[in-house]
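A.B. asks: Take a look at structure-v1.pdb, PDB, C-alpha atoms and all ligand atoms:
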```pdb
ATOM      1  CA  MET A   1     323.382 108.590  50.584  1.00  0.00           C
ATOM      2  CA  SER A   2     324.215 108.195  54.255  1.00  0.00           C
ATOM      3  CA  ARG A   3     325.196 111.154  56.334  1.00  0.00           C
ATOM      4  CA  TRP A   4     326.813 111.242  59.718  1.00  0.00           C
ATOM      5  CA  PRO A   5     323.853 112.415  61.820  1.00  0.00           C
ATOM      6  CA  ILE A   6     324.397 115.328  64.178  1.00  0.00           C
ATOM      7  CA  ASP A   7     321.560 115.867  66.672  1.00  0.00           C
ATOM      8  CA  ASP A   8     320.156 119.364  67.057  1.00  0.00           C
ATOM      9  CA  ASN A   9     321.069 119.111  70.730  1.00  0.00           C
ATOM     10  CA  ASP A  10     324.702 118.388  70.007  1.00  0.00           C
ATOM     11  CA  PRO A  11     327.005 121.128  71.212  1.00  0.00           C
ATOM     12  CA  PRO A  12     329.015 122.741  68.411  1.00  0.00           C
ATOM     13  CA  ALA A  13     332.541 121.414  68.029  1.00  0.00           C
ATOM     14  CA  ALA A  14     334.864 124.402  67.996  1.00  0.00           C
ATOM     15  CA  GLY A  15     336.913 125.007  64.894  1.00  0.00           C
ATOM     16  CA  THR A  16     335.367 122.245  62.789  1.00  0.00           C
ATOM     17  CA  THR A  17     332.916 122.185  59.934  1.00  0.00           C
ATOM     18  CA  ALA A  18     330.175 119.609  59.455  1.00  0.00           C
ATOM     19  CA  PRO A  19     331.543 116.280  58.206  1.00  0.00           C
ATOM     20  CA  LEU A  20     331.008 115.490  54.569  1.00  0.00           C
ATOM     21  CA  PRO A  21     328.403 112.879  53.662  1.00  0.00           C
ATOM     22  CA  VAL A  22     329.885 109.482  52.997  1.00  0.00           C
ATOM     23  CA  ASP A  23     328.253 107.383  50.261  1.00  0.00           C
ATOM     24  CA  SER A  24     330.200 104.209  50.877  1.00  0.00           C
ATOM     25  CA  VAL A  25     333.725 103.168  51.737  1.00  0.00           C
ATOM     26  CA  PRO A  26     336.036 105.425  49.726  1.00  0.00           C
ATOM     27  CA  GLU A  27     339.174 104.237  47.966  1.00  0.00           C
ATOM     28  CA  LEU A  28     342.324 105.665  49.557  1.00  0.00           C
ATOM     29  CA  ARG A  29     345.606 105.389  47.638  1.00  0.00           C
ATOM     30  CA  GLY A  30     349.140 106.012  48.806  1.00  0.00           C
ATOM     31  CA  HIS A  31     352.299 104.562  50.364  1.00  0.00           C
ATOM     32  CA  GLY A  32     352.063 101.526  48.051  1.00  0.00           C
ATOM     33  CA  LEU A  33     348.578 100.619  49.314  1.00  0.00           C
ATOM     34  CA  VAL A  34     344.948 100.963  48.336  1.00  0.00           C
ATOM     35  CA  LEU A  35     342.369 100.998  51.132  1.00  0.00           C
ATOM     36  CA  ARG A  36     338.935  99.974  49.893  1.00  0.00           C
ATOM     37  CA  GLY A  37     335.699  98.363  51.059  1.00  0.00           C
ATOM     38  CA  TRP A  38     335.113  94.751  52.089  1.00  0.00           C
ATOM     39  CA  ASP A  39     332.392  92.734  50.336  1.00  0.00           C
ATOM     40  CA  PRO A  40     330.690  90.206  52.668  1.00  0.00           C
ATOM     41  CA  GLY A  41     329.140  88.610  49.553  1.00  0.00           C
ATOM     42  CA  ALA A  42     332.544  87.681  48.097  1.00  0.00           C
ATOM     43  CA  GLU A  43     333.550  84.222  49.330  1.00  0.00           C
ATOM     44  CA  ALA A  44     337.305  84.871  48.933  1.00  0.00           C
ATOM     45  CA  GLN A  45     337.097  87.992  51.074  1.00  0.00           C
ATOM     46  CA  VAL A  46     335.138  86.202  53.794  1.00  0.00           C
ATOM     47  CA  ARG A  47     337.846  83.495  53.836  1.00  0.00           C
ATOM     48  CA  THR A  48     340.552  86.155  54.159  1.00  0.00           C
ATOM     49  CA  TRP A  49     338.610  87.855  56.980  1.00  0.00           C
ATOM     50  CA  LEU A  50     338.384  84.510  58.795  1.00  0.00           C
ATOM     51  CA  HIS A  51     342.089  83.840  58.201  1.00  0.00           C
ATOM     52  CA  GLY A  52     343.017  87.211  59.723  1.00  0.00           C
ATOM     53  CA  ARG A  53     340.693  86.918  62.685  1.00  0.00           C
ATOM     54  CA  SER A  54     341.535  83.335  63.582  1.00  0.00           C
ATOM     55  CA  ASP A  55     345.282  84.057  63.704  1.00  0.00           C
ATOM     56  CA  PRO A  56     346.586  83.563  67.297  1.00  0.00           C
ATOM     57  CA  GLU A  57     348.348  86.965  67.273  1.00  0.00           C
ATOM     58  CA  PHE A  58     345.086  88.655  66.257  1.00  0.00           C
ATOM     59  CA  ARG A  59     343.287  86.913  69.127  1.00  0.00           C
ATOM     60  CA  ARG A  60     346.046  87.780  71.541  1.00  0.00           C
ATOM     61  CA  TRP A  61     346.121  91.508  70.819  1.00  0.00           C
ATOM     62  CA  ASN A  62     342.776  92.497  69.248  1.00  0.00           C
ATOM     63  CA  THR A  63     340.866  90.589  71.948  1.00  0.00           C
ATOM     64  CA  PRO A  64     337.526  90.178  70.115  1.00  0.00           C
ATOM     65  CA  LEU A  65     334.563  89.512  72.403  1.00  0.00           C
ATOM     66  CA  ILE A  66     333.106  87.030  69.922  1.00  0.00           C
ATOM     67  CA  LEU A  67     335.515  84.691  68.143  1.00  0.00           C
ATOM     68  CA  ASP A  68     335.028  83.849  64.464  1.00  0.00           C
ATOM     69  CA  GLU A  69     335.473  80.068  64.222  1.00  0.00           C
ATOM     70  CA  ARG A  70     333.737  79.212  60.956  1.00  0.00           C
ATOM     71  CA  LEU A  71     332.964  80.870  57.625  1.00  0.00           C
ATOM     72  CA  ASP A  72     329.433  81.711  58.771  1.00  0.00           C
ATOM     73  CA  ASP A  73     330.792  83.536  61.830  1.00  0.00           C
ATOM     74  CA  ALA A  74     333.180  85.463  59.606  1.00  0.00           C
ATOM     75  CA  ARG A  75     330.401  86.385  57.166  1.00  0.00           C
ATOM     76  CA  THR A  76     328.279  87.696  60.047  1.00  0.00           C
ATOM     77  CA  SER A  77     331.050  89.731  61.675  1.00  0.00           C
ATOM     78  CA  LEU A  78     332.229  91.146  58.334  1.00  0.00           C
ATOM     79  CA  ALA A  79     328.655  92.174  57.457  1.00  0.00           C
ATOM     80  CA  ALA A  80     328.348  93.930  60.840  1.00  0.00           C
ATOM     81  CA  HIS A  81     331.542  95.892  60.160  1.00  0.00           C
ATOM     82  CA  VAL A  82     330.336  96.825  56.687  1.00  0.00           C
ATOM     83  CA  ARG A  83     326.973  98.027  58.066  1.00  0.00           C
ATOM     84  CA  ALA A  84     328.870 100.589  60.164  1.00  0.00           C
ATOM     85  CA  ALA A  85     329.826 102.381  56.953  1.00  0.00           C
ATOM     86  CA  ALA A  86     326.181 102.704  55.958  1.00  0.00           C
ATOM     87  CA  ASP A  87     324.924 103.953  59.314  1.00  0.00           C
ATOM     88  CA  GLY A  88     327.777 106.387  59.878  1.00  0.00           C
ATOM     89  CA  THR A  89     329.206 104.680  62.963  1.00  0.00           C
ATOM     90  CA  GLY A  90     332.450 103.565  61.380  1.00  0.00           C
ATOM     91  CA  MET A  91     334.481 102.840  58.298  1.00  0.00           C
ATOM     92  CA  PRO A  92     335.963  99.381  57.623  1.00  0.00           C
ATOM     93  CA  PHE A  93     338.849  99.359  55.136  1.00  0.00           C
ATOM     94  CA  ARG A  94     340.306  96.342  53.352  1.00  0.00           C
ATOM     95  CA  VAL A  95     344.013  97.095  53.064  1.00  0.00           C
ATOM     96  CA  THR A  96     345.380  95.934  49.711  1.00  0.00           C
ATOM     97  CA  ASP A  97     348.719  96.044  47.912  1.00  0.00           C
ATOM     98  CA  GLU A  98     348.670  98.731  45.223  1.00  0.00           C
ATOM     99  CA  ALA A  99     350.701  96.686  42.727  1.00  0.00           C
ATOM    100  CA  SER A 100     349.191  93.209  43.091  1.00  0.00           C
ATOM    101  CA  GLY A 101     345.765  94.011  44.536  1.00  0.00           C
ATOM    102  CA  ALA A 102     346.301  91.326  47.196  1.00  0.00           C
ATOM    103  CA  THR A 103     344.538  91.801  50.511  1.00  0.00           C
ATOM    104  CA  LEU A 104     347.063  92.525  53.272  1.00  0.00           C
ATOM    105  CA  GLY A 105     344.864  93.281  56.262  1.00  0.00           C
ATOM    106  CA  HIS A 106     342.160  95.430  57.777  1.00  0.00           C
ATOM    107  CA  LEU A 107     341.882  98.885  59.290  1.00  0.00           C
ATOM    108  CA  GLY A 108     338.668 100.026  60.941  1.00  0.00           C
ATOM    109  CA  LEU A 109     337.582 103.444  62.174  1.00  0.00           C
ATOM    110  CA  GLY A 110     334.828 103.646  64.761  1.00  0.00           C
ATOM    111  CA  VAL A 111     333.007 106.771  65.893  1.00  0.00           C
ATOM    112  CA  VAL A 112     333.326 107.237  69.661  1.00  0.00           C
ATOM    113  CA  SER A 113     331.449 110.527  70.047  1.00  0.00           C
ATOM    114  CA  ARG A 114     329.678 112.425  67.304  1.00  0.00           C
ATOM    115  CA  PRO A 115     329.410 115.739  69.173  1.00  0.00           C
ATOM    116  CA  MET A 116     333.098 115.621  70.025  1.00  0.00           C
ATOM    117  CA  ARG A 117     333.972 114.269  66.567  1.00  0.00           C
ATOM    118  CA  SER A 118     336.212 111.631  68.078  1.00  0.00           C
ATOM    119  CA  GLY A 119     336.897 108.153  66.797  1.00  0.00           C
ATOM    120  CA  ARG A 120     338.986 105.071  67.451  1.00  0.00           C
ATOM    121  CA  VAL A 121     341.121 103.088  65.077  1.00  0.00           C
ATOM    122  CA  GLY A 122     342.072  99.411  65.046  1.00  0.00           C
ATOM    123  CA  TYR A 123     343.941  97.219  62.566  1.00  0.00           C
ATOM    124  CA  TRP A 124     345.413  93.829  61.804  1.00  0.00           C
ATOM    125  CA  VAL A 125     347.741  92.548  59.115  1.00  0.00           C
ATOM    126  CA  LEU A 126     347.636  89.008  57.698  1.00  0.00           C
ATOM    127  CA  PRO A 127     350.491  86.879  59.104  1.00  0.00           C
ATOM    128  CA  GLU A 128     352.130  86.484  55.670  1.00  0.00           C
ATOM    129  CA  ALA A 129     352.082  90.275  55.037  1.00  0.00           C
ATOM    130  CA  ARG A 130     353.740  91.384  58.289  1.00  0.00           C
ATOM    131  CA  GLY A 131     357.151  93.020  58.602  1.00  0.00           C
ATOM    132  CA  ARG A 132     356.640  95.639  55.856  1.00  0.00           C
ATOM    133  CA  ASN A 133     355.037  98.456  57.862  1.00  0.00           C
ATOM    134  CA  VAL A 134     351.635  97.776  56.298  1.00  0.00           C
ATOM    135  CA  ALA A 135     349.782  98.870  59.448  1.00  0.00           C
ATOM    136  CA  ALA A 136     351.662 102.182  59.753  1.00  0.00           C
ATOM    137  CA  ARG A 137     351.269 102.989  56.056  1.00  0.00           C
ATOM    138  CA  ALA A 138     347.536 102.201  56.187  1.00  0.00           C
ATOM    139  CA  LEU A 139     347.103 104.178  59.394  1.00  0.00           C
ATOM    140  CA  LEU A 140     348.705 107.278  57.872  1.00  0.00           C
ATOM    141  CA  LEU A 141     346.356 107.121  54.881  1.00  0.00           C
ATOM    142  CA  ALA A 142     343.215 106.498  56.937  1.00  0.00           C
ATOM    143  CA  THR A 143     344.094 109.184  59.491  1.00  0.00           C
ATOM    144  CA  ARG A 144     344.472 111.830  56.810  1.00  0.00           C
ATOM    145  CA  TRP A 145     341.100 110.861  55.338  1.00  0.00           C
ATOM    146  CA  ALA A 146     339.408 110.768  58.760  1.00  0.00           C
ATOM    147  CA  PHE A 147     340.496 114.347  59.474  1.00  0.00           C
ATOM    148  CA  THR A 148     339.946 115.832  56.038  1.00  0.00           C
ATOM    149  CA  ASP A 149     336.854 114.004  54.718  1.00  0.00           C
ATOM    150  CA  PHE A 150     335.200 112.122  57.591  1.00  0.00           C
ATOM    151  CA  GLY A 151     335.160 115.215  59.794  1.00  0.00           C
ATOM    152  CA  LEU A 152     336.902 113.794  62.865  1.00  0.00           C
ATOM    153  CA  HIS A 153     338.799 116.023  65.260  1.00  0.00           C
ATOM    154  CA  ARG A 154     340.457 113.334  67.419  1.00  0.00           C
ATOM    155  CA  LEU A 155     341.421 109.727  66.711  1.00  0.00           C
ATOM    156  CA  GLU A 156     342.356 107.337  69.505  1.00  0.00           C
ATOM    157  CA  LEU A 157     344.377 104.158  69.276  1.00  0.00           C
ATOM    158  CA  ASP A 158     344.690 101.837  72.234  1.00  0.00           C
ATOM    159  CA  HIS A 159     346.667  98.648  72.605  1.00  0.00           C
ATOM    160  CA  ALA A 160     347.228  96.144  75.379  1.00  0.00           C
ATOM    161  CA  LEU A 161     350.239  96.777  77.559  1.00  0.00           C
ATOM    162  CA  GLY A 162     353.279  94.999  76.174  1.00  0.00           C
ATOM    163  CA  HIS A 163     352.205  95.219  72.534  1.00  0.00           C
ATOM    164  CA  GLU A 164     355.439  96.893  71.441  1.00  0.00           C
ATOM    165  CA  ALA A 165     354.741  96.736  67.703  1.00  0.00           C
ATOM    166  CA  SER A 166     351.513  98.748  68.103  1.00  0.00           C
ATOM    167  CA  CYS A 167     353.253 101.236  70.412  1.00  0.00           C
ATOM    168  CA  ARG A 168     355.841 101.738  67.673  1.00  0.00           C
ATOM    169  CA  ILE A 169     353.190 102.057  64.928  1.00  0.00           C
ATOM    170  CA  ALA A 170     351.306 104.675  66.969  1.00  0.00           C
ATOM    171  CA  ALA A 171     354.445 106.734  67.536  1.00  0.00           C
ATOM    172  CA  ARG A 172     355.447 106.479  63.868  1.00  0.00           C
ATOM    173  CA  CYS A 173     352.021 107.745  62.798  1.00  0.00           C
ATOM    174  CA  GLY A 174     351.966 110.778  65.076  1.00  0.00           C
ATOM    175  CA  TYR A 175     349.827 109.314  67.871  1.00  0.00           C
ATOM    176  CA  PRO A 176     351.687 110.143  71.095  1.00  0.00           C
ATOM    177  CA  TYR A 177     351.169 108.139  74.289  1.00  0.00           C
ATOM    178  CA  GLU A 178     348.588 109.866  76.537  1.00  0.00           C
ATOM    179  CA  GLY A 179     348.303 107.492  79.479  1.00  0.00           C
ATOM    180  CA  THR A 180     347.480 104.016  80.719  1.00  0.00           C
ATOM    181  CA  LEU A 181     343.849 102.879  80.931  1.00  0.00           C
ATOM    182  CA  ARG A 182     343.345 100.375  83.755  1.00  0.00           C
ATOM    183  CA  GLY A 183     341.406  97.189  82.974  1.00  0.00           C
ATOM    184  CA  ALA A 184     340.163  98.633  79.699  1.00  0.00           C
ATOM    185  CA  MET A 185     340.498  95.535  77.527  1.00  0.00           C
ATOM    186  CA  TRP A 186     339.095  92.040  77.986  1.00  0.00           C
ATOM    187  CA  GLU A 187     341.405  89.188  77.137  1.00  0.00           C
ATOM    188  CA  ALA A 188     339.299  86.150  76.339  1.00  0.00           C
ATOM    189  CA  GLY A 189     340.688  82.614  76.180  1.00  0.00           C
ATOM    190  CA  ARG A 190     344.232  82.586  77.498  1.00  0.00           C
ATOM    191  CA  HIS A 191     343.656  84.435  80.763  1.00  0.00           C
ATOM    192  CA  ASP A 192     340.009  85.571  80.762  1.00  0.00           C
ATOM    193  CA  ALA A 193     340.940  88.826  82.464  1.00  0.00           C
ATOM    194  CA  PHE A 194     340.744  92.572  82.076  1.00  0.00           C
ATOM    195  CA  ARG A 195     344.040  94.134  81.154  1.00  0.00           C
ATOM    196  CA  ASP A 196     345.540  97.575  81.000  1.00  0.00           C
ATOM    197  CA  CYS A 197     345.971  99.516  77.756  1.00  0.00           C
ATOM    198  CA  HIS A 198     348.106 102.321  76.460  1.00  0.00           C
ATOM    199  CA  LEU A 199     346.056 105.167  75.041  1.00  0.00           C
ATOM    200  CA  HIS A 200     347.537 107.055  72.085  1.00  0.00           C
ATOM    201  CA  ALA A 201     345.737 109.771  70.121  1.00  0.00           C
ATOM    202  CA  ARG A 202     346.196 112.216  67.296  1.00  0.00           C
ATOM    203  CA  LEU A 203     344.348 115.487  66.706  1.00  0.00           C
ATOM    204  CA  SER A 204     343.446 116.918  63.318  1.00  0.00           C
ATOM    205  CA  THR A 205     345.686 119.872  64.198  1.00  0.00           C
ATOM    206  CA  ASP A 206     348.768 117.682  64.852  1.00  0.00           C
ATOM    207  CA  PRO A 207     351.482 117.518  62.176  1.00  0.00           C
ATOM    208  CA  GLU A 208     351.398 114.573  59.766  1.00  0.00           C
ATOM    209  CA  PRO A 209     354.548 112.436  59.882  1.00  0.00           C
ATOM    210  CA  GLY A 210     356.119 110.999  56.721  1.00  0.00           C
ATOM    211  CA  ALA A 211     355.579 107.373  55.686  1.00  0.00           C
ATOM    212  CA  PRO A 212     358.004 104.726  57.032  1.00  0.00           C
TER     213      PRO A 212
HETATM  214  C1  LIG A 301     350.648  94.585  64.963  1.00  0.00           C
HETATM  215  C2  LIG A 301     350.619  94.340  63.464  1.00  0.00           C
HETATM  216  C3  LIG A 301     349.389  95.021  62.888  1.00  0.00           C
HETATM  217  C4  LIG A 301     351.884  94.963  62.854  1.00  0.00           C
HETATM  218  O1  LIG A 301     351.976  94.566  61.512  1.00  0.00           O
HETATM  219  P1  LIG A 301     353.043  95.218  60.481  1.00  0.00           P
HETATM  220  O2  LIG A 301     352.477  96.442  59.866  1.00  0.00           O
HETATM  221  O3  LIG A 301     353.446  94.139  59.556  1.00  0.00           O
HETATM  222  O4  LIG A 301     354.202  95.684  61.447  1.00  0.00           O
HETATM  223  P2  LIG A 301     355.788  95.491  61.263  1.00  0.00           P
HETATM  224  O5  LIG A 301     356.165  94.087  61.522  1.00  0.00           O
HETATM  225  O6  LIG A 301     356.178  96.065  59.946  1.00  0.00           O
HETATM  226  O7  LIG A 301     356.332  96.352  62.479  1.00  0.00           O
HETATM  227  C5  LIG A 301     355.953  97.706  62.698  1.00  0.00           C
HETATM  228  C6  LIG A 301     356.982  98.349  63.623  1.00  0.00           C
HETATM  229  O8  LIG A 301     356.935  97.697  64.911  1.00  0.00           O
HETATM  230  C7  LIG A 301     358.224  97.153  65.198  1.00  0.00           C
HETATM  231  N1  LIG A 301     358.007  95.867  65.882  1.00  0.00           N
HETATM  232  C8  LIG A 301     357.436  94.772  65.347  1.00  0.00           C
HETATM  233  N2  LIG A 301     357.404  93.805  66.295  1.00  0.00           N
HETATM  234  C9  LIG A 301     357.978  94.326  67.406  1.00  0.00           C
HETATM  235  C10 LIG A 301     358.240  93.824  68.704  1.00  0.00           C
HETATM  236  N3  LIG A 301     357.897  92.591  69.053  1.00  0.00           N
HETATM  237  N4  LIG A 301     358.836  94.636  69.589  1.00  0.00           N
HETATM  238  C11 LIG A 301     359.187  95.903  69.269  1.00  0.00           C
HETATM  239  N5  LIG A 301     358.958  96.450  68.045  1.00  0.00           N
HETATM  240  C12 LIG A 301     358.349  95.653  67.137  1.00  0.00           C
HETATM  241  C13 LIG A 301     358.905  96.970  63.866  1.00  0.00           C
HETATM  242  O9  LIG A 301     360.318  96.956  64.017  1.00  0.00           O
HETATM  243  C14 LIG A 301     358.414  98.191  63.125  1.00  0.00           C
HETATM  244  O10 LIG A 301     359.126  99.320  63.587  1.00  0.00           O
HETATM  245  P3  LIG A 301     359.822 100.347  62.559  1.00  0.00           P
HETATM  246  O11 LIG A 301     358.688 101.180  62.050  1.00  0.00           O
HETATM  247  O12 LIG A 301     360.775 101.107  63.389  1.00  0.00           O
HETATM  248  O13 LIG A 301     360.443  99.545  61.471  1.00  0.00           O
HETATM  249  C15 LIG A 301     350.590  92.823  63.124  1.00  0.00           C
HETATM  250  O14 LIG A 301     351.646  92.187  63.759  1.00  0.00           O
HETATM  251  C16 LIG A 301     349.277  92.166  63.533  1.00  0.00           C
HETATM  252  O15 LIG A 301     348.313  92.173  62.779  1.00  0.00           O
HETATM  253  N6  LIG A 301     349.243  91.562  64.726  1.00  0.00           N
HETATM  254  C17 LIG A 301     348.032  90.890  65.204  1.00  0.00           C
HETATM  255  C18 LIG A 301     346.873  91.843  65.401  1.00  0.00           C
HETATM  256  C19 LIG A 301     347.271  93.077  66.191  1.00  0.00           C
HETATM  257  O16 LIG A 301     348.125  93.045  67.040  1.00  0.00           O
HETATM  258  N7  LIG A 301     346.585  94.206  65.927  1.00  0.00           N
HETATM  259  C20 LIG A 301     346.807  95.470  66.620  1.00  0.00           C
HETATM  260  C21 LIG A 301     346.055  95.507  67.882  1.00  0.00           C
HETATM  261  S1  LIG A 301     346.368  97.040  68.781  1.00  0.00           S
END
```
Produce structure tokens that represent the structure in this file.
C.D. replies:
Amino acid sequence: MSRWPIDDNDPPAAGTTAPLPVDSVPELRGHGLVLRGWDPGAEAQVRTWLHGRSDPEFRRWNTPLILDERLDDARTSLAAHVRAAADGTGMPFRVTDEASGATLGHLGLGVVSRPMRSGRVGYWVLPEARGRNVAARALLLATRWAFTDFGLHRLELDHALGHEASCRIAARCGYPYEGTLRGAMWEAGRHDAFRDCHLHARLSTDPEPGAP
């Protein structure tokens, strides 16, 4: 059983209790979706991971530092994401359709600061599954879990300036705009440049909006 480690020297986080231990990636159901774990040993899932991460829109907006070009790259990067669940540094969810079981995309939570119980969220939706609010529905589910079961107090979401769809998703999911971070994201390939980001965040004490 893995447990989110809290150092003895960590200052107490006001108003929160210790996070619950997390055995593995939990299954989250709601809004027509099931969020579950990825399996780097399943060939079909590795192919889907590669499909999502080699999409030009993914590369434009998620700005990965290392690009997955081949199946082996995808297997390695998926395994790294999955390891985060075991060592308590994150939680990678495969977003699936509740009715068909088809994979629709990915949503990942990363721990930013354990003492402050803050995290960051990122997501992508497969090109063929876009236009149905999958990201917003998945984000609502994962946010609720992160605050109630994973023990987070604050979740941040940042997106490159001009990414209107993500700005809309953040607002829909109760993550208000908090400011612009200068040169906070590296855009590899097209421009090879640092670019500015919008920072959005939600607190565990903020109200939960309804699903779109
Ligand atoms: C961004 C992304 C996750 C959205 O996928 P999705 O859940 O299918 O989103 P939708 O197409 O249903 O759109 C969500 C909302 O944004 C709005 N939107 C979509 N494209 C838009 C655009 N170009 N300009 C303004 N609003 C836009 C939609 O109208 C919708 O708003 P609504 O809730 O009022 O209906 C998906 O396009 C994607 O994976 N892109 C590549 C990777 C990426 O950008 N990841 C996020 C990095 S921060």
A.B. asks: Which chain A residues have any atom within 9 Å of an atom of ligand LIG 301 (chain A), and for each, what is the nearest pair of atoms with distance in Å to one decimal, counting only C-alpha atoms and all ligand atoms, rows sorted by chain and number, as CSV?
C.D. replies:
```
residue,atom,partner,partner_atom,distance
A:Gly52,CA,A:LIG301,O15,7.9
A:Arg53,CA,A:LIG301,C18,8.4
A:Asp55,CA,A:LIG301,C17,7.5
A:Pro56,CA,A:LIG301,C17,7.8
A:Glu57,CA,A:LIG301,C17,4.4
A:Phe58,CA,A:LIG301,C18,3.8
A:Arg59,CA,A:LIG301,C18,7.1
A:Arg60,CA,A:LIG301,O16,7.2
A:Trp61,CA,A:LIG301,O16,4.5
A:Asn62,CA,A:LIG301,C21,4.7
A:Thr63,CA,A:LIG301,C21,8.2
A:Gly105,CA,A:LIG301,O15,7.5
A:His106,CA,A:LIG301,O15,8.6
A:Val121,CA,A:LIG301,S1,8.8
A:Gly122,CA,A:LIG301,S1,6.2
A:Tyr123,CA,A:LIG301,N7,5.2
A:Trp124,CA,A:LIG301,O15,3.5
A:Val125,CA,A:LIG301,O15,3.7
A:Leu126,CA,A:LIG301,O15,6.0
A:Pro127,CA,A:LIG301,O15,6.8
A:Glu128,CA,A:LIG301,O3,8.7
A:Ala129,CA,A:LIG301,O3,6.1
A:Arg130,CA,A:LIG301,O3,3.0
A:Gly131,CA,A:LIG301,O5,3.3
A:Arg132,CA,A:LIG301,O6,4.1
A:Asn133,CA,A:LIG301,O6,3.4
A:Val134,CA,A:LIG301,O2,3.9
A:Ala135,CA,A:LIG301,O2,3.7
A:Ala136,CA,A:LIG301,O2,5.8
A:Arg137,CA,A:LIG301,O2,7.7
A:Ala138,CA,A:LIG301,O2,8.4
A:Leu157,CA,A:LIG301,S1,7.4
A:Asp158,CA,A:LIG301,S1,6.1
A:His159,CA,A:LIG301,S1,4.2
A:Ala160,CA,A:LIG301,S1,6.7
A:Gly162,CA,A:LIG301,N4,8.6
A:His163,CA,A:LIG301,N3,7.2
A:Glu164,CA,A:LIG301,C11,4.4
A:Ala165,CA,A:LIG301,O8,3.7
A:Ser166,CA,A:LIG301,C1,5.3
A:Cys167,CA,A:LIG301,O8,7.5
A:Arg168,CA,A:LIG301,O8,5.0
A:Ile169,CA,A:LIG301,C6,5.5
A:Ala171,CA,A:LIG301,O11,8.9
A:Arg172,CA,A:LIG301,O11,6.5
A:Pro212,CA,A:LIG301,O11,6.2
```
A.B. asks: Any chance you could export the current selection's C-alpha atoms as an mmCIF file, in the coordinates of the input?
C.D. replies:
```
data_model
loop_
_atom_site.group_PDB
_atom_site.id
_atom_site.type_symbol
_atom_site.label_atom_id
_atom_site.label_comp_id
_atom_site.auth_asym_id
_atom_site.auth_seq_id
_atom_site.Cartn_x
_atom_site.Cartn_y
_atom_site.Cartn_z
ATOM 1 C CA GLY A 52 343.017 87.211 59.723
ATOM 2 C CA ARG A 53 340.693 86.918 62.685
ATOM 3 C CA ASP A 55 345.282 84.057 63.704
ATOM 4 C CA PRO A 56 346.586 83.563 67.297
ATOM 5 C CA GLU A 57 348.348 86.965 67.273
ATOM 6 C CA PHE A 58 345.086 88.655 66.257
ATOM 7 C CA ARG A 59 343.287 86.913 69.127
ATOM 8 C CA ARG A 60 346.046 87.780 71.541
ATOM 9 C CA TRP A 61 346.121 91.508 70.819
ATOM 10 C CA ASN A 62 342.776 92.497 69.248
ATOM 11 C CA THR A 63 340.866 90.589 71.948
ATOM 12 C CA GLY A 105 344.864 93.281 56.262
ATOM 13 C CA HIS A 106 342.160 95.430 57.777
ATOM 14 C CA VAL A 121 341.121 103.088 65.077
ATOM 15 C CA GLY A 122 342.072 99.411 65.046
ATOM 16 C CA TYR A 123 343.941 97.219 62.566
ATOM 17 C CA TRP A 124 345.413 93.829 61.804
ATOM 18 C CA VAL A 125 347.741 92.548 59.115
ATOM 19 C CA LEU A 126 347.636 89.008 57.698
ATOM 20 C CA PRO A 127 350.491 86.879 59.104
ATOM 21 C CA GLU A 128 352.130 86.484 55.670
ATOM 22 C CA ALA A 129 352.082 90.275 55.037
ATOM 23 C CA ARG A 130 353.740 91.384 58.289
ATOM 24 C CA GLY A 131 357.151 93.020 58.602
ATOM 25 C CA ARG A 132 356.640 95.639 55.856
ATOM 26 C CA ASN A 133 355.037 98.456 57.862
ATOM 27 C CA VAL A 134 351.635 97.776 56.298
ATOM 28 C CA ALA A 135 349.782 98.870 59.448
ATOM 29 C CA ALA A 136 351.662 102.182 59.753
ATOM 30 C CA ARG A 137 351.269 102.989 56.056
ATOM 31 C CA ALA A 138 347.536 102.201 56.187
ATOM 32 C CA LEU A 157 344.377 104.158 69.276
ATOM 33 C CA ASP A 158 344.690 101.837 72.234
ATOM 34 C CA HIS A 159 346.667 98.648 72.605
ATOM 35 C CA ALA A 160 347.228 96.144 75.379
ATOM 36 C CA GLY A 162 353.279 94.999 76.174
ATOM 37 C CA HIS A 163 352.205 95.219 72.534
ATOM 38 C CA GLU A 164 355.439 96.893 71.441
ATOM 39 C CA ALA A 165 354.741 96.736 67.703
ATOM 40 C CA SER A 166 351.513 98.748 68.103
ATOM 41 C CA CYS A 167 353.253 101.236 70.412
ATOM 42 C CA ARG A 168 355.841 101.738 67.673
ATOM 43 C CA ILE A 169 353.190 102.057 64.928
ATOM 44 C CA ALA A 171 354.445 106.734 67.536
ATOM 45 C CA ARG A 172 355.447 106.479 63.868
ATOM 46 C CA PRO A 212 358.004 104.726 57.032
#
```
A.B. asks: If the PyMOL selection byres (((chain A and resi 39) around 10) and not hetatm) is run on the structure shown, which residues does it catch, given as a list of chain:residue names?
C.D. replies: A:Arg36, A:Gly37, A:Trp38, A:Pro40, A:Gly41, A:Ala42, A:Glu43, A:Ala44, A:Gln45, A:Val46, A:Arg75, A:Leu78, A:Ala79, A:Val82, A:Arg94
A.B. asks: Report, in Å with one decimal, the straight-line distance from atom CA of A:Leu104 to atom CA of A:Met185.
C.D. replies: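 Between atom CA of A:Leu104 and atom CA of A:Met185 the gap is 25.3 Å.
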A.B. asks: Can you list what the PyMOL selection byres (((chain A and resi 210) around 9) and not hetatm) grabs from this structure, as a ChimeraX atom specification?
C.D. replies: /A:140,172-173,208-209,211-212
A.B. asks: State, in Å with one decimal place, the distance from atom CA of A:Ser118 to atom CA of A:Asp73.
C.D. replies: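 Pair atom CA of A:Ser118 / atom CA of A:Asp73 returns 29.3 Å.
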A.B. asks: Give the padded box for stretch 183-199 of chain A as JSON: axis-aligned, covering all atoms listed in the file, 5 Å on each side, centre and edge lengths in Å to one decimal.
C.D. replies:
```
{"center_x": 343.6, "center_y": 93.9, "center_z": 79.0, "size_x": 19.0, "size_y": 32.6, "size_z": 17.9}
```
